[in-house]
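Q: Just one file: structure.cif, with mmCIF, C-alpha atoms.
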data_data
loop_
_atom_site.label_atom_id
_atom_site.label_comp_id
_atom_site.auth_asym_id
_atom_site.auth_seq_id
_atom_site.Cartn_x
_atom_site.Cartn_y
_atom_site.Cartn_z
CA MET A 1 105.58 91.65 112.33
CA LEU A 2 105.50 94.05 115.27
CA ASP A 3 108.68 92.53 116.72
CA GLN A 4 110.37 92.71 113.32
CA LEU A 5 109.26 96.32 112.82
CA GLY A 6 110.97 97.30 116.07
CA VAL A 7 114.14 95.50 115.00
CA GLU A 8 114.17 97.18 111.58
CA ALA A 9 113.66 100.63 113.11
CA GLN A 10 116.61 100.04 115.46
CA LEU A 11 118.83 98.83 112.61
CA LEU A 12 117.96 101.94 110.63
CA THR A 13 118.74 104.40 113.42
CA THR A 14 122.01 102.58 114.19
CA ALA A 15 123.07 102.89 110.55
CA THR A 16 122.79 106.70 110.73
CA HIS A 17 125.62 107.01 113.29
CA ASP A 18 128.44 107.12 110.74
CA VAL A 19 126.88 108.73 107.69
CA HIS A 20 126.22 112.30 106.55
CA ALA A 21 122.68 113.61 106.03
CA ASP A 22 123.51 114.53 102.42
CA ALA A 23 124.83 111.08 101.53
CA PRO A 24 122.89 109.62 98.58
CA VAL A 25 121.20 106.28 99.13
CA PHE A 26 121.96 105.06 95.57
CA SER A 27 118.53 103.61 94.89
CA ALA A 28 115.39 104.26 92.89
CA SER A 29 114.11 106.57 95.63
CA GLY A 30 116.60 109.29 94.62
CA ARG A 31 116.73 110.54 98.22
CA THR A 32 119.59 111.37 100.55
CA VAL A 33 119.89 109.81 104.00
CA GLY A 34 118.40 112.94 105.58
CA GLN A 35 115.50 112.97 103.15
CA THR A 36 114.92 109.26 103.82
CA LEU A 37 114.68 109.88 107.59
CA GLN A 38 112.35 112.82 107.08
CA HIS A 39 110.17 110.74 104.72
CA LEU A 40 109.91 107.93 107.28
CA GLY A 41 109.04 110.36 110.06
CA ASP A 42 106.35 111.86 107.82
CA LEU A 43 105.09 108.37 107.02
CA CYS A 44 104.79 107.52 110.72
CA GLU A 45 102.71 110.65 111.25
CA ASP A 46 100.53 109.85 108.22
CA VAL A 47 99.81 106.36 109.55
CA LEU A 48 98.98 107.72 113.01
CA CYS A 49 96.41 109.93 111.26
CA TRP A 50 94.95 106.97 109.35
CA LEU A 51 94.69 105.11 112.65
CA GLY A 52 92.93 108.04 114.32
CA SER A 53 95.56 108.15 117.07
CA PRO A 54 95.62 111.14 119.46
CA GLU A 55 99.37 111.23 118.85
CA ALA A 56 98.65 112.33 115.30
CA GLN A 57 97.82 115.79 116.66
CA ARG A 58 101.43 116.30 117.76
CA HIS A 59 103.07 117.59 114.59
CA TRP A 60 106.77 118.23 114.10
CA ASP A 61 107.78 121.80 113.37
CA PRO A 62 111.08 121.27 111.53
CA PRO A 63 113.90 123.81 111.73
CA ALA A 64 115.01 125.43 108.49
CA GLU A 65 117.88 122.97 108.10
CA PRO A 66 117.37 119.96 110.38
CA ASP A 67 120.49 117.87 110.98
CA LEU A 68 120.59 114.10 110.83
CA ARG A 69 120.44 113.70 114.61
CA GLU A 70 117.20 115.72 114.75
CA LEU A 71 115.71 113.75 111.88
CA THR A 72 116.71 110.43 113.43
CA ASN A 73 115.33 111.39 116.85
CA ARG A 74 112.06 112.52 115.32
CA PHE A 75 111.74 109.21 113.43
CA ALA A 76 112.52 107.20 116.58
CA ILE A 77 109.93 109.10 118.63
CA ARG A 78 107.19 108.81 116.03
CA MET A 79 107.96 105.13 115.43
CA ALA A 80 107.66 104.55 119.19
CA ASP A 81 104.26 106.29 119.10
CA LEU A 82 103.23 104.09 116.20
CA LEU A 83 104.39 100.87 117.85
CA ALA A 84 102.47 101.80 121.00
CA GLU A 85 99.34 102.35 118.91
CA PHE A 86 99.79 99.02 117.13
CA ILE A 87 100.32 97.16 120.42
CA SER A 88 97.16 98.67 121.93
CA ARG A 89 94.91 97.42 119.12
CA PRO A 90 94.15 93.95 117.72
CA PRO A 91 95.38 93.39 114.16
CA ASP A 92 91.82 92.91 112.87
CA ASP A 93 90.62 96.19 114.38
CA PRO A 94 88.88 98.14 111.56
CA CYS A 95 90.50 101.37 110.34
CA PRO A 96 90.78 103.28 107.04
CA THR A 97 93.47 102.29 104.53
CA TRP A 98 94.16 103.07 100.88
CA TRP A 99 93.93 99.43 99.75
CA PRO A 100 90.34 98.22 99.13
CA GLU A 101 91.15 94.62 100.04
CA GLN A 102 92.11 95.31 103.66
CA HIS A 103 90.77 97.89 106.11
CA THR A 104 92.36 96.80 109.38
CA VAL A 105 95.29 97.74 111.60
CA ALA A 106 97.19 94.74 110.17
CA PHE A 107 97.49 96.56 106.84
CA TRP A 108 99.44 99.40 108.47
CA VAL A 109 101.65 97.06 110.50
CA ARG A 110 102.60 95.30 107.28
CA ARG A 111 103.01 98.55 105.33
CA MET A 112 105.30 100.09 107.96
CA LEU A 113 107.37 96.92 108.29
CA HIS A 114 108.15 96.91 104.58
CA ALA A 115 108.69 100.67 104.31
CA THR A 116 111.14 100.57 107.23
CA THR A 117 112.93 97.47 105.92
CA VAL A 118 113.49 98.90 102.45
CA HIS A 119 114.69 102.25 103.78
CA ARG A 120 116.90 100.53 106.34
CA ALA A 121 118.63 98.87 103.41
CA ASP A 122 118.94 102.31 101.79
CA VAL A 123 120.64 103.86 104.81
CA GLN A 124 122.95 100.88 105.32
CA THR A 125 123.99 101.15 101.67
CA ALA A 126 124.70 104.88 102.05
CA ALA A 127 126.70 104.24 105.22
CA GLY A 128 128.80 101.56 103.54
CA ILE A 129 127.43 98.92 105.91
CA GLU A 130 126.73 95.39 104.72
CA HIS A 131 122.98 94.77 104.57
CA THR A 132 121.60 92.99 107.60
CA PRO A 133 119.91 89.87 106.18
CA ILE A 134 116.16 90.15 105.65
CA ASP A 135 114.16 87.28 107.09
CA PRO A 136 113.01 85.12 104.11
CA GLU A 137 109.38 85.12 105.34
CA VAL A 138 109.39 88.91 105.65
CA ALA A 139 110.90 89.24 102.16
CA ALA A 140 108.35 86.82 100.63
CA ASP A 141 105.51 88.74 102.29
CA GLY A 142 107.01 91.98 101.00
CA ILE A 143 107.02 90.61 97.46
CA ASP A 144 103.35 89.71 97.87
CA GLU A 145 102.57 93.20 99.19
CA VAL A 146 104.36 95.09 96.43
CA LEU A 147 102.76 92.92 93.75
CA ARG A 148 99.20 92.94 95.08
CA ALA A 149 98.84 96.34 96.74
CA TRP A 150 101.18 98.43 94.60
CA PHE A 151 101.41 96.75 91.19
CA GLY A 152 97.94 95.19 91.23
CA TYR A 153 96.04 98.14 92.73
CA ARG A 154 98.12 101.32 92.82
CA LEU A 155 98.83 101.28 89.08
CA HIS A 156 95.09 101.18 88.40
CA SER A 157 94.43 104.06 90.82
CA LEU A 158 97.14 106.10 89.06
CA GLN A 159 95.65 105.16 85.67
CA ILE A 160 98.99 103.75 84.51
CA THR A 161 98.98 100.75 82.18
CA ALA A 162 101.45 98.63 80.27
CA THR A 163 102.30 99.63 76.72
CA ARG A 164 102.07 96.05 75.47
CA PRO A 165 100.72 92.72 76.76
CA CYS A 166 103.14 90.64 78.82
CA SER A 167 103.21 88.03 81.56
CA VAL A 168 105.95 87.46 84.11
CA GLY A 169 106.26 84.65 86.63
CA VAL A 170 107.89 85.46 89.97
CA HIS A 171 109.18 82.73 92.23
CA VAL A 172 111.02 82.36 95.52
CA PRO A 173 111.23 79.19 97.62
CA GLY A 174 107.67 78.21 98.55
CA ARG A 175 105.91 81.13 96.81
CA ASN A 176 104.92 81.80 93.19
CA TRP A 177 103.05 84.61 91.48
CA LEU A 178 101.92 85.27 87.92
CA ILE A 179 101.77 88.91 86.80
CA THR A 180 99.93 89.91 83.67
CA ALA A 181 99.76 93.41 82.22
CA ASP A 182 98.41 94.99 79.06
CA PRO A 183 97.01 98.39 78.01
CA SER A 184 93.71 97.57 79.76
CA GLY A 185 95.23 96.91 83.20
CA ALA A 186 97.30 94.58 85.40
CA ALA A 187 96.57 91.51 87.52
CA VAL A 188 98.43 89.34 90.03
CA THR A 189 97.54 85.76 90.91
CA SER A 190 99.21 83.05 92.97
CA SER A 191 100.51 80.09 91.04
CA GLU A 192 101.55 76.63 92.19
CA ASP A 193 104.41 76.61 89.69
CA VAL A 194 105.26 79.54 87.42
CA ALA A 195 106.88 77.17 84.92
CA THR A 196 103.51 75.55 84.15
CA THR A 197 101.91 78.89 83.25
CA THR A 198 104.39 79.50 80.39
CA PRO A 199 104.81 83.26 81.02
CA ASP A 200 106.84 85.45 78.70
CA ALA A 201 109.56 85.70 81.34
CA VAL A 202 110.45 84.55 84.86
CA VAL A 203 112.14 86.38 87.75
CA GLY A 204 113.27 84.49 90.82
CA GLY A 205 115.98 83.78 93.34
CA ASP A 206 116.69 84.60 96.95
CA PRO A 207 113.59 86.22 98.55
CA SER A 208 115.47 89.26 99.88
CA ALA A 209 117.12 89.88 96.50
CA VAL A 210 113.82 89.67 94.59
CA TYR A 211 112.18 91.89 97.24
CA LEU A 212 114.82 94.63 97.00
CA TRP A 213 114.96 94.32 93.21
CA MET A 214 111.23 95.02 92.99
CA TRP A 215 111.72 98.19 95.04
CA GLY A 216 114.52 99.32 92.70
CA ARG A 217 117.28 98.69 95.22
CA LEU A 218 119.19 95.96 93.36
CA PRO A 219 120.15 95.52 89.68
CA ASN A 220 118.95 92.73 87.40
CA ARG A 221 122.09 90.72 88.04
CA ALA A 222 121.02 90.25 91.69
CA VAL A 223 118.08 88.05 90.61
CA GLU A 224 117.63 85.10 88.27
CA THR A 225 115.88 85.95 85.01
CA SER A 226 114.84 84.03 81.93
CA GLY A 227 112.65 84.64 78.91
CA ASP A 228 111.76 87.95 77.29
CA PRO A 229 113.95 90.74 78.74
CA ASP A 230 111.47 93.37 77.50
CA ALA A 231 108.71 91.82 79.63
CA ILE A 232 110.98 91.97 82.70
CA ALA A 233 111.96 95.56 81.91
CA GLN A 234 108.30 96.55 81.60
CA LEU A 235 107.44 94.88 84.94
CA TRP A 236 110.32 96.65 86.67
CA GLY A 237 109.42 100.01 85.15
CA LEU A 238 105.76 99.68 86.14
CA LEU A 239 106.78 98.73 89.68
CA GLN A 240 108.89 101.87 89.99
CA LEU A 241 105.97 104.01 88.80
CA ALA A 242 103.60 102.28 91.23
CA THR A 243 105.88 102.70 94.25
CA ARG A 244 107.42 106.12 93.71
#
Would it be possible to restate this file's structure as structure tokens?

A:
Amino acid sequence: MLDQLGVEAQLLTTATHDVHADAPVFSASGRTVGQTLQHLGDLCEDVLCWLGSPEAQRHWDPPAEPDLRELTNRFAIRMADLLAEFISRPPDDPCPTWWPEQHTVAFWVRRMLHATTVHRADVQTAAGIEHTPIDPEVAADGIDEVLRAWFGYRLHSLQITATRPCSVGVHVPGRNWLITADPSGAAVTSSEDVATTTPDAVVGGDPSAVYLWMWGRLPNRAVETSGDPDAIAQLWGLLQLATR
């Protein structure tokens, strides 16, 4: 994951070379390229704080109107600080996180890999560059993260619930999940075969397409769907609320 995080950060900075800071990223984030770079730089600093790194004390004092080069350089510097911190500590080293199921450095490595990957796709889209393929294992892990940490936990912490009961199976090659949601809460479980659980609907396909669809970066036509379209629409809407 550390190696892949470095690759994703480089792909992102390279994609900024031929795009304007005000270019929209055309995704659920609603940000421009400049805002995306500033958000990622802020996120790097937040994670350094969670990790208790001395580098967290070095805050950026932004100019009134930072240009894209300044924003990109700031992201690159703070990502380098973060990678150095990750490399210096074992993945099972305890540290605070916002997810009750994992309080180790590995949580933040995973979180930053997926944040950088999704926003790299945003910037490549804005720059008119074809998406660099996402490794299928990274995409499958990202689906697991967004379902368990964001949909399964973050919705509860935000006190957001479904308006009606529904169940949706999610599948990619080698991985299956069953998502259930109703006005009392939401749950995510692994499933050997989503077809045997008879959910209201099923979403599947290429891992990278399902991954980016869950983050609101691709339309429904990019994934394979069957069953109740209202159940799929509710899942997608809840995901966007959980991850905004």

Q: Would you kindly return, as an mmCIF file with C-alpha atoms, in the frame of the given file, each protein, DNA or RNA residue with an atom no farther than 7 Å from any atom of Trp50 of chain A, considering all atoms listed in the file and excluding same-chain residues fewer than 2 positions away?

A:
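As a result, around-v5.cif now contains:
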data_model
loop_
_atom_site.group_PDB
_atom_site.id
_atom_site.type_symbol
_atom_site.label_atom_id
_atom_site.label_comp_id
_atom_site.auth_asym_id
_atom_site.auth_seq_id
_atom_site.Cartn_x
_atom_site.Cartn_y
_atom_site.Cartn_z
ATOM 1 C CA ASP A 46 100.530 109.850 108.220
ATOM 2 C CA VAL A 47 99.810 106.360 109.550
ATOM 3 C CA LEU A 48 98.980 107.720 113.010
ATOM 4 C CA GLY A 52 92.930 108.040 114.320
ATOM 5 C CA PRO A 96 90.780 103.280 107.040
ATOM 6 C CA THR A 97 93.470 102.290 104.530
#

Q: For the PyMOL selection byres ((chain A and resi 174) around 10), applied here, can you spell out every residue it catches as a ChimeraX atom specification?

A: /A:137,140,171-173,175-176,192-193,207

Q: Output C-alpha atoms for every residue in that selection, as a JSON list (two decimals), in the coordinates of the input.

A:
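Writing the result to again32.json gives the following:
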[["chain", "number", "residue", "atom", "x", "y", "z"],
["A", 137, "GLU", "CA", 109.38, 85.12, 105.34],
["A", 140, "ALA", "CA", 108.35, 86.82, 100.63],
["A", 171, "HIS", "CA", 109.18, 82.73, 92.23],
["A", 172, "VAL", "CA", 111.02, 82.36, 95.52],
["A", 173, "PRO", "CA", 111.23, 79.19, 97.62],
["A", 175, "ARG", "CA", 105.91, 81.13, 96.81],
["A", 176, "ASN", "CA", 104.92, 81.80, 93.19],
["A", 192, "GLU", "CA", 101.55, 76.63, 92.19],
["A", 193, "ASP", "CA", 104.41, 76.61, 89.69],
["A", 207, "PRO", "CA", 113.59, 86.22, 98.55]]

Q: So which one's closest to His20 of chain A, A:Leu68, A:Val203, A:Ile143, A:Leu212? Using only C-alpha atoms, please.

A: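 For His20 of chain A, the nearest of the given residues is A:Leu68.
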
Q: Report as a PyMOL selection string all protein, DNA and RNA residues lying within 8 Å of segment 148-154 of chain A, evaluated on all atoms listed in the file, omitting residues in the same chain fewer than 4 positions from it.

A: chain A and resi 99+144+158+186-188+238-239+242-243

Q: Tell me which of A:Glu85, A:Glu8, A:Glu65, A:Asp3 sits closest to Gln35 of chain A, counting only C-alpha atoms.

A: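 Counting only C-alpha atoms, the residue closest to Gln35 of chain A is A:Glu65.
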
Q: Could you jot down the atom CA of Arg111 of chain A to atom CA of Val146 of chain A separation for me, Å, one decimal place?

A: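 Atom CA of Arg111 of chain A sits 9.6 Å away from atom CA of Val146 of chain A.
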
Q: Which residues would end up in the selection if the PyMOL selection byres ((chain A and resi 82-84) around 9) were applied here, given that I need the answer as a short mmCIF file (atom, residue, chain, number, x, y, z; two decimals) with C-alpha atoms, keeping the file's coordinate frame?

A:
data_model
loop_
_atom_site.label_atom_id
_atom_site.label_comp_id
_atom_site.auth_asym_id
_atom_site.auth_seq_id
_atom_site.Cartn_x
_atom_site.Cartn_y
_atom_site.Cartn_z
CA LEU A 2 105.50 94.05 115.27
CA LEU A 5 109.26 96.32 112.82
CA GLY A 6 110.97 97.30 116.07
CA CYS A 44 104.79 107.52 110.72
CA GLU A 45 102.71 110.65 111.25
CA VAL A 47 99.81 106.36 109.55
CA LEU A 48 98.98 107.72 113.01
CA SER A 53 95.56 108.15 117.07
CA GLU A 55 99.37 111.23 118.85
CA ILE A 77 109.93 109.10 118.63
CA ARG A 78 107.19 108.81 116.03
CA MET A 79 107.96 105.13 115.43
CA ALA A 80 107.66 104.55 119.19
CA ASP A 81 104.26 106.29 119.10
CA GLU A 85 99.34 102.35 118.91
CA PHE A 86 99.79 99.02 117.13
CA ILE A 87 100.32 97.16 120.42
CA SER A 88 97.16 98.67 121.93
CA ARG A 89 94.91 97.42 119.12
CA VAL A 109 101.65 97.06 110.50
#

Q: Given only C-alpha atoms as the basis, pick out the residue of A:Thr198, A:Thr189, A:Thr180, A:Ser29 nearest to Leu241 of chain A.

A: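 With only C-alpha atoms as the atom set, the closest residue is A:Ser29.
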
Q: Excluding same-chain residues fewer than 3 positions from Asp22 of chain A, what lies within 8 Å of it counting all atoms listed in the file, as a list in words?

A: Thr32, Val33 and Gly34 of chain A

Q: Generate the output file for the selected residues, C-alpha atoms, as a JSON list (two decimals), keeping the file's coordinate frame.

A:
[["chain", "number", "residue", "atom", "x", "y", "z"],
["A", 32, "THR", "CA", 119.59, 111.37, 100.55],
["A", 33, "VAL", "CA", 119.89, 109.81, 104.00],
["A", 34, "GLY", "CA", 118.40, 112.94, 105.58]]

Q: Would you mind reading off the distance between atom CA of Pro133 of chain A and atom CA of Pro219 of chain A, one decimal, in Å?

A: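 Atom-to-atom, atom CA of Pro133 of chain A and atom CA of Pro219 of chain A are spaced 17.4 Å apart.
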
Q: Which residues fall under the PyMOL selection byres ((chain A and resi 91) around 8) in this file, as a list in words?

A: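 Those residues are Phe86, Arg89, Pro90, Asp92, Asp93, Thr104, Val105 and Ala106 of chain A.
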
Q: Quick one: residues within 12 Å of (114.5, 90.6, 80.6) (file frame), counting all atoms listed in the file, please, as a ChimeraX atom specification.

A: /A:166-169,200-204,219-221,223-237
